[in-house]
>>> print(open('query09.csv').read())   # CSV, C-alpha atoms
chain,number,residue,atom,x,y,z
L,6,MET,CA,-109.5,-41.7,73.1
L,7,LYS,CA,-108.7,-43.3,76.4
L,8,GLU,CA,-106.3,-41.6,78.8
L,9,PHE,CA,-105.2,-44.8,80.5
L,10,PRO,CA,-104.0,-48.1,79.1
L,11,CYS,CA,-106.0,-51.3,79.6
L,12,GLN,CA,-105.2,-53.0,82.9
L,13,LEU,CA,-105.4,-56.6,84.3
L,14,TYR,CA,-108.2,-57.6,86.6
L,15,LEU,CA,-107.8,-61.0,88.3
L,16,ILE,CA,-110.7,-63.1,89.4
L,17,SER,CA,-110.1,-65.8,92.0
L,18,PRO,CA,-110.7,-69.5,91.3
L,19,LEU,CA,-113.5,-71.0,93.5
L,20,GLU,CA,-111.0,-72.8,95.6
L,21,VAL,CA,-108.9,-70.2,97.5
L,22,GLY,CA,-107.6,-72.3,100.4
L,23,GLY,CA,-104.5,-74.5,100.5
L,24,ASP,CA,-101.6,-73.0,98.6
L,25,PHE,CA,-103.7,-70.4,96.8
L,26,PRO,CA,-102.3,-67.4,98.9
L,27,ALA,CA,-98.8,-68.4,97.5
L,28,GLN,CA,-100.2,-68.4,94.0
L,29,LEU,CA,-101.7,-65.0,94.5
L,30,GLU,CA,-98.5,-63.7,95.9
L,31,ALA,CA,-96.6,-65.0,92.8
L,32,ALA,CA,-99.1,-63.5,90.4
L,33,LEU,CA,-99.1,-60.1,92.0
L,34,SER,CA,-95.3,-60.1,92.3
L,35,ALA,CA,-94.9,-60.8,88.5
L,36,GLY,CA,-96.4,-57.6,87.1
L,37,ALA,CA,-99.0,-54.9,87.2
L,38,VAL,CA,-102.5,-56.0,88.4
L,39,ALA,CA,-105.2,-53.4,89.0
L,40,ALA,CA,-107.7,-55.4,91.0
L,41,PHE,CA,-108.4,-58.9,92.4
L,42,GLN,CA,-111.9,-60.2,92.8
L,43,PHE,CA,-112.6,-62.6,95.6
L,44,ARG,CA,-115.2,-65.0,94.1
L,45,VAL,CA,-116.3,-68.0,96.2
L,46,LYS,CA,-119.7,-69.8,96.3
L,47,ASP,CA,-121.8,-71.6,98.9
L,48,LEU,CA,-119.8,-70.6,101.9
L,49,ASP,CA,-121.2,-68.8,104.9
L,50,GLN,CA,-119.9,-65.4,105.6
L,51,HIS,CA,-117.7,-66.4,108.5
L,52,GLU,CA,-115.9,-69.1,106.3
L,53,ALA,CA,-115.6,-66.7,103.4
L,54,ALA,CA,-114.1,-64.0,105.6
L,55,ALA,CA,-111.5,-66.4,107.0
L,56,LEU,CA,-110.4,-67.3,103.5
L,57,ALA,CA,-110.5,-63.7,102.3
L,58,GLU,CA,-108.4,-62.1,105.0
L,59,PRO,CA,-104.9,-63.4,104.0
L,60,LEU,CA,-105.7,-62.7,100.3
L,61,GLN,CA,-106.8,-59.2,101.2
L,62,ALA,CA,-103.5,-58.6,103.0
L,63,ILE,CA,-101.5,-59.8,100.0
L,64,CYS,CA,-103.5,-57.4,97.7
L,65,ALA,CA,-102.9,-54.5,100.1
L,66,ALA,CA,-99.2,-55.2,100.1
L,67,HIS,CA,-99.1,-55.0,96.3
L,68,ASP,CA,-101.5,-52.0,96.1
L,69,VAL,CA,-104.1,-54.1,94.3
L,70,ALA,CA,-107.8,-53.3,94.8
L,71,PHE,CA,-109.6,-56.1,96.7
L,72,ILE,CA,-113.1,-56.6,95.3
L,73,VAL,CA,-115.7,-59.0,96.7
L,74,ASN,CA,-118.0,-60.8,94.3
L,75,ASP,CA,-121.8,-60.7,94.9
L,76,SER,CA,-121.9,-60.0,98.6
L,77,VAL,CA,-122.2,-56.4,99.8
L,78,ALA,CA,-122.4,-57.7,103.4
L,79,LEU,CA,-119.1,-59.5,103.1
L,80,ALA,CA,-117.5,-56.5,101.4
L,81,LYS,CA,-118.6,-54.3,104.3
L,82,ARG,CA,-117.4,-56.8,106.9
L,83,LEU,CA,-114.0,-57.0,105.3
L,84,LYS,CA,-113.8,-53.3,104.6
L,85,ALA,CA,-113.0,-54.4,101.0
L,86,ASP,CA,-112.1,-51.9,98.3
L,87,GLY,CA,-115.4,-52.7,96.6
L,88,VAL,CA,-118.0,-55.1,95.4
L,89,HIS,CA,-119.0,-56.7,92.1
L,90,LEU,CA,-122.7,-57.2,91.6
L,91,GLY,CA,-124.4,-59.6,89.2
L,92,GLN,CA,-127.7,-58.6,87.8
L,93,GLY,CA,-129.5,-60.4,90.7
L,94,ASP,CA,-127.1,-59.3,93.5
L,95,GLY,CA,-128.6,-56.1,94.6
L,96,ASP,CA,-128.8,-52.4,93.8
L,97,VAL,CA,-125.9,-50.1,93.2
L,98,ARG,CA,-127.4,-47.3,95.2
L,99,GLU,CA,-128.0,-49.5,98.2
L,100,ALA,CA,-124.5,-50.9,97.9
L,101,ARG,CA,-123.1,-47.3,97.8
L,102,GLU,CA,-125.1,-46.4,100.9
L,103,LEU,CA,-123.7,-49.4,102.8
L,104,LEU,CA,-120.1,-49.3,101.5
L,105,GLY,CA,-119.5,-45.5,101.2
L,106,ARG,CA,-118.5,-43.2,98.4
L,107,ASP,CA,-115.0,-44.5,98.1
L,108,ALA,CA,-116.0,-48.1,97.4
L,109,GLN,CA,-115.5,-49.4,93.8
L,110,ILE,CA,-118.8,-50.9,92.6
L,111,GLY,CA,-118.9,-52.9,89.5
L,112,VAL,CA,-121.9,-54.5,87.7
L,113,THR,CA,-122.2,-57.4,85.3
L,114,CYS,CA,-124.0,-56.2,82.2
L,115,HIS,CA,-123.7,-59.2,79.9
L,116,ASN,CA,-123.9,-57.8,76.3
L,117,SER,CA,-126.3,-55.0,77.1
L,118,ARG,CA,-125.4,-51.3,76.8
L,119,HIS,CA,-128.9,-50.6,78.2
L,120,LEU,CA,-128.1,-52.5,81.5
L,121,ALA,CA,-124.7,-50.8,81.5
L,122,MET,CA,-126.2,-47.3,81.2
L,123,GLU,CA,-128.7,-48.1,84.0
L,124,ALA,CA,-125.7,-49.2,86.2
L,125,ALA,CA,-123.7,-46.1,85.3
L,126,GLU,CA,-126.7,-43.8,86.1
L,127,ALA,CA,-127.1,-45.6,89.5
L,128,GLY,CA,-123.4,-44.7,90.2
L,129,ALA,CA,-121.5,-47.8,89.3
L,130,ASP,CA,-117.7,-47.2,89.0
L,131,TYR,CA,-117.4,-49.8,86.2
L,132,VAL,CA,-119.5,-52.1,84.1
L,133,ALA,CA,-118.5,-55.6,82.9
L,134,PHE,CA,-119.4,-57.1,79.5
L,135,GLY,CA,-119.1,-60.8,78.6
L,136,ALA,CA,-118.6,-63.6,78.1
L,137,PHE,CA,-116.5,-62.9,75.0
L,138,PHE,CA,-115.1,-66.4,74.6
L,139,PRO,CA,-116.1,-69.8,75.9
L,140,THR,CA,-115.0,-70.3,79.5
L,141,ALA,CA,-114.8,-73.2,81.9
L,142,THR,CA,-115.0,-70.8,85.0
L,143,LYS,CA,-118.8,-70.5,84.9
L,144,THR,CA,-121.8,-71.4,82.7
L,145,VAL,CA,-122.1,-68.9,79.9
L,146,GLU,CA,-125.6,-67.7,79.4
L,147,HIS,CA,-124.7,-64.5,77.6
L,148,VAL,CA,-122.2,-63.9,74.8
L,149,ALA,CA,-120.9,-60.5,74.2
L,150,ASP,CA,-119.4,-58.9,71.0
L,151,LEU,CA,-116.7,-56.4,70.3
L,152,ASP,CA,-119.3,-53.9,69.0
L,153,THR,CA,-120.7,-53.5,72.5
L,154,LEU,CA,-117.3,-52.6,73.9
L,155,GLN,CA,-116.5,-50.2,71.0
L,156,LYS,CA,-119.7,-48.4,71.3
L,157,TRP,CA,-119.6,-48.2,75.1
L,158,SER,CA,-116.1,-46.8,75.2
L,159,PHE,CA,-117.0,-44.3,72.5
L,160,VAL,CA,-120.0,-42.8,74.2
L,161,THR,CA,-119.1,-42.9,77.9
L,162,GLU,CA,-116.3,-42.3,80.3
L,163,VAL,CA,-117.4,-45.1,82.7
L,164,PRO,CA,-114.8,-47.8,82.6
L,165,CYS,CA,-115.6,-51.2,81.2
L,166,VAL,CA,-114.3,-54.7,81.9
L,167,ALA,CA,-114.2,-57.4,79.3
L,168,ILE,CA,-114.6,-60.9,80.8
L,169,GLY,CA,-115.1,-64.5,79.7
L,170,GLY,CA,-112.5,-67.0,78.5
L,171,ILE,CA,-109.8,-64.3,77.9
L,172,THR,CA,-106.2,-65.6,77.3
L,173,PRO,CA,-103.0,-63.9,76.2
L,174,VAL,CA,-103.8,-65.3,72.7
L,175,ASN,CA,-107.3,-63.9,72.2
L,176,ALA,CA,-107.1,-60.7,74.3
L,177,LYS,CA,-105.8,-58.2,71.8
L,178,PRO,CA,-109.1,-57.5,69.9
L,179,LEU,CA,-110.8,-56.6,73.3
L,180,ILE,CA,-108.0,-54.3,74.2
L,181,ASP,CA,-108.1,-52.6,70.8
L,182,ALA,CA,-111.9,-52.3,71.0
L,183,GLY,CA,-111.6,-50.1,74.1
L,184,ALA,CA,-111.7,-52.4,77.2
L,185,ASP,CA,-110.4,-50.6,80.2
L,186,PHE,CA,-109.7,-53.8,82.0
L,187,ILE,CA,-109.5,-57.5,81.0
L,188,ALA,CA,-110.8,-59.8,83.7
L,189,VAL,CA,-109.1,-63.2,83.7
L,190,SER,CA,-109.3,-66.3,85.9
L,191,GLY,CA,-108.5,-69.7,84.4
L,192,ALA,CA,-105.9,-68.3,82.0
L,193,VAL,CA,-103.8,-67.3,85.0
L,194,TRP,CA,-104.5,-69.9,87.7
L,195,ASN,CA,-104.3,-72.8,85.2
L,196,HIS,CA,-101.4,-71.6,83.2
L,197,PRO,CA,-98.9,-74.5,82.6
L,198,GLN,CA,-96.0,-72.4,83.8
L,199,GLY,CA,-97.8,-71.0,86.8
L,200,PRO,CA,-99.7,-67.7,87.5
L,201,ALA,CA,-96.6,-65.5,87.5
L,202,GLU,CA,-95.8,-66.4,83.8
L,203,ALA,CA,-99.5,-65.8,82.9
L,204,VAL,CA,-99.4,-62.3,84.5
L,205,LYS,CA,-96.1,-61.5,82.6
L,206,ALA,CA,-97.7,-62.6,79.3
L,207,PHE,CA,-100.8,-60.4,79.8
L,208,ASN,CA,-98.7,-57.5,80.8
L,209,ALA,CA,-96.5,-57.8,77.7
L,210,LEU,CA,-99.7,-57.6,75.7
L,211,LEU,CA,-101.0,-54.6,77.7
L,212,ALA,CA,-97.7,-52.6,77.6
>>> encode(input="query09.csv", output="structure tokens")
Amino acid sequence: MKEFPCQLYLISPLEVGGDFPAQLEAALSAGAVAAFQFRVKDLDQHEAAALAEPLQAICAAHDVAFIVNDSVALAKRLKADGVHLGQGDGDVREARELLGRDAQIGVTCHNSRHLAMEAAEAGADYVAFGAFFPTATKTVEHVADLDTLQKWSFVTEVPCVAIGGITPVNAKPLIDAGADFIAVSGAVWNHPQGPAEAVKAFNALLA
């Protein structure tokens, strides 16, 4: 039985300039969020850092962990709270050495408890399973099932994140299956009433 309730993990859209800082502020002001993942593509580190800094400050003000997607170097430069590694993004042990023992290191494990076990043994703080549902945020190459979540949360204490097309409508089975975090992107940033309403809807479900 889990000691802690499932929590919300926000993932940024790819476009984080313009009015996005205001959207993030609205989302984090609306309810409990455990972490925010900064996920941008095809930018050099200098550009990415410039975009990240105001968002990192907003997260710090709300006591939300700021996690950098893919890049250990950028996470180190920003003194971020952690890094999220895909299967091709580097080694957990190397990331730990560079970022220190307090960094939160997460690893994408698709639908594989084997990959998750390897990540956990290497010292990952959490593993991510998905995609559970179709998603427009990224191309889905791996589909995950509830059985993977249930078995993982039954056999290990290492927290797991469910990701991929999650909305307030379809999230409940993942929460019931033992997800420690639900990672959401499009369902928050594209919500017709705005990100604050989306965060409220997810939190109502998680309460």
>>> residues_near_point(input="query09.csv", point="(-118.6, -50.5, 89.8)", cutoff="8 Å", atoms="all atoms listed in the file", output="PyMOL selection string")
chain L and resi 87-89+109-112+128-132
>>> write_last_selection(input="query09.csv", atoms="C-alpha atoms", output="mmCIF file, in the frame of the given file")
data_model
loop_
_atom_site.group_PDB
_atom_site.id
_atom_site.type_symbol
_atom_site.label_atom_id
_atom_site.label_comp_id
_atom_site.auth_asym_id
_atom_site.auth_seq_id
_atom_site.Cartn_x
_atom_site.Cartn_y
_atom_site.Cartn_z
ATOM 1 C CA GLY L 87 -115.400 -52.700 96.600
ATOM 2 C CA VAL L 88 -118.000 -55.100 95.400
ATOM 3 C CA HIS L 89 -119.000 -56.700 92.100
ATOM 4 C CA GLN L 109 -115.500 -49.400 93.800
ATOM 5 C CA ILE L 110 -118.800 -50.900 92.600
ATOM 6 C CA GLY L 111 -118.900 -52.900 89.500
ATOM 7 C CA VAL L 112 -121.900 -54.500 87.700
ATOM 8 C CA GLY L 128 -123.400 -44.700 90.200
ATOM 9 C CA ALA L 129 -121.500 -47.800 89.300
ATOM 10 C CA ASP L 130 -117.700 -47.200 89.000
ATOM 11 C CA TYR L 131 -117.400 -49.800 86.200
ATOM 12 C CA VAL L 132 -119.500 -52.100 84.100
#
>>> closest_residue(input="query09.csv", among="L:Glu146, L:Asp185, L:Glu102, L:Asp24", to="Phe159 (chain L)", atoms="all atoms listed in the file")
L:Asp185
>>> residues_around(input="query09.csv", residues="Asn208 (chain L)", least_positions_apart="4", cutoff="12 Å", atoms="all atoms listed in the file", output="PDB file with C-alpha atoms, in the coordinates of the input")
ATOM      1  CA  PRO L  10    -104.000 -48.100  79.100  1.00  0.00           C
ATOM      2  CA  CYS L  11    -106.000 -51.300  79.600  1.00  0.00           C
ATOM      3  CA  GLN L  12    -105.200 -53.000  82.900  1.00  0.00           C
ATOM      4  CA  LEU L  13    -105.400 -56.600  84.300  1.00  0.00           C
ATOM      5  CA  TYR L  14    -108.200 -57.600  86.600  1.00  0.00           C
ATOM      6  CA  ALA L  32     -99.100 -63.500  90.400  1.00  0.00           C
ATOM      7  CA  LEU L  33     -99.100 -60.100  92.000  1.00  0.00           C
ATOM      8  CA  ALA L  35     -94.900 -60.800  88.500  1.00  0.00           C
ATOM      9  CA  GLY L  36     -96.400 -57.600  87.100  1.00  0.00           C
ATOM     10  CA  ALA L  37     -99.000 -54.900  87.200  1.00  0.00           C
ATOM     11  CA  VAL L  38    -102.500 -56.000  88.400  1.00  0.00           C
ATOM     12  CA  ALA L  39    -105.200 -53.400  89.000  1.00  0.00           C
ATOM     13  CA  THR L 172    -106.200 -65.600  77.300  1.00  0.00           C
ATOM     14  CA  PRO L 173    -103.000 -63.900  76.200  1.00  0.00           C
ATOM     15  CA  ALA L 176    -107.100 -60.700  74.300  1.00  0.00           C
ATOM     16  CA  LYS L 177    -105.800 -58.200  71.800  1.00  0.00           C
ATOM     17  CA  ILE L 180    -108.000 -54.300  74.200  1.00  0.00           C
ATOM     18  CA  PHE L 186    -109.700 -53.800  82.000  1.00  0.00           C
ATOM     19  CA  ILE L 187    -109.500 -57.500  81.000  1.00  0.00           C
ATOM     20  CA  VAL L 193    -103.800 -67.300  85.000  1.00  0.00           C
ATOM     21  CA  ALA L 201     -96.600 -65.500  87.500  1.00  0.00           C
ATOM     22  CA  GLU L 202     -95.800 -66.400  83.800  1.00  0.00           C
ATOM     23  CA  ALA L 203     -99.500 -65.800  82.900  1.00  0.00           C
ATOM     24  CA  VAL L 204     -99.400 -62.300  84.500  1.00  0.00           C
ATOM     25  CA  ALA L 212     -97.700 -52.600  77.600  1.00  0.00           C
TER      26      ALA L 212
END
>>> atom_distance(input="query09.csv", atom1="CA of Val160 (chain L)", atom2="CA of Gly183 (chain L)")
11.1 Å
>>> atom_distance(input="query09.csv", atom1="CA of Gln198 (chain L)", atom2="CA of Asn175 (chain L)")
18.3 Å
>>> decode(input="query09.csv", residues="region 75-92 of chain L", atoms="N, CA, C and O atoms", output="tab-separated table (two decimals), in the first residue's frame")
chain	number	residue	atom	x	y	z
L	75	ASP	N	16.00	15.38	-20.88
L	75	ASP	CA	17.09	14.94	-21.78
L	75	ASP	C	18.50	15.42	-21.47
L	75	ASP	O	19.44	14.67	-21.68
L	76	SER	N	18.68	16.67	-21.05
L	76	SER	CA	20.03	17.24	-21.03
L	76	SER	C	20.60	17.38	-19.62
L	76	SER	O	20.21	18.26	-18.85
L	77	VAL	N	21.55	16.51	-19.29
L	77	VAL	CA	22.23	16.59	-18.00
L	77	VAL	C	23.04	17.90	-17.94
L	77	VAL	O	23.09	18.56	-16.90
L	78	ALA	N	23.64	18.28	-19.07
L	78	ALA	CA	24.45	19.51	-19.10
L	78	ALA	C	23.61	20.74	-18.78
L	78	ALA	O	24.02	21.61	-18.01
L	79	LEU	N	22.41	20.81	-19.37
L	79	LEU	CA	21.54	21.95	-19.10
L	79	LEU	C	21.05	21.92	-17.65
L	79	LEU	O	20.99	22.96	-16.98
L	80	ALA	N	20.72	20.74	-17.15
L	80	ALA	CA	20.28	20.62	-15.75
L	80	ALA	C	21.38	21.11	-14.81
L	80	ALA	O	21.10	21.82	-13.83
L	81	LYS	N	22.63	20.77	-15.14
L	81	LYS	CA	23.75	21.21	-14.30
L	81	LYS	C	23.93	22.72	-14.39
L	81	LYS	O	24.11	23.40	-13.38
L	82	ARG	N	23.85	23.25	-15.60
L	82	ARG	CA	24.02	24.69	-15.81
L	82	ARG	C	22.97	25.49	-15.03
L	82	ARG	O	23.26	26.53	-14.44
L	83	LEU	N	21.73	24.99	-15.03
L	83	LEU	CA	20.63	25.71	-14.37
L	83	LEU	C	20.54	25.41	-12.87
L	83	LEU	O	19.73	26.01	-12.18
L	84	LYS	N	21.36	24.45	-12.42
L	84	LYS	CA	21.21	23.93	-11.04
L	84	LYS	C	19.75	23.51	-10.82
L	84	LYS	O	19.12	23.83	-9.80
L	85	ALA	N	19.22	22.79	-11.81
L	85	ALA	CA	17.83	22.32	-11.75
L	85	ALA	C	17.69	21.28	-10.63
L	85	ALA	O	18.68	20.74	-10.13
L	86	ASP	N	16.44	20.99	-10.28
L	86	ASP	CA	16.20	20.00	-9.24
L	86	ASP	C	16.46	18.58	-9.74
L	86	ASP	O	16.61	17.66	-8.95
L	87	GLY	N	16.48	18.42	-11.08
L	87	GLY	CA	16.74	17.08	-11.59
L	87	GLY	C	16.71	17.03	-13.10
L	87	GLY	O	16.59	18.05	-13.78
L	88	VAL	N	16.81	15.80	-13.61
L	88	VAL	CA	16.82	15.57	-15.05
L	88	VAL	C	15.98	14.34	-15.35
L	88	VAL	O	15.91	13.41	-14.53
L	89	HIS	N	15.33	14.35	-16.51
L	89	HIS	CA	14.59	13.17	-16.96
L	89	HIS	C	15.28	12.62	-18.20
L	89	HIS	O	15.46	13.34	-19.19
L	90	LEU	N	15.69	11.37	-18.15
L	90	LEU	CA	16.45	10.76	-19.23
L	90	LEU	C	15.60	9.79	-20.03
L	90	LEU	O	14.95	8.90	-19.47
L	91	GLY	N	15.61	9.95	-21.36
L	91	GLY	CA	15.06	8.92	-22.23
L	91	GLY	C	16.04	7.77	-22.31
L	91	GLY	O	17.16	7.85	-21.79
L	92	GLN	N	15.64	6.70	-22.99
L	92	GLN	CA	16.53	5.54	-23.06
L	92	GLN	C	17.85	5.86	-23.78
L	92	GLN	O	18.85	5.23	-23.53
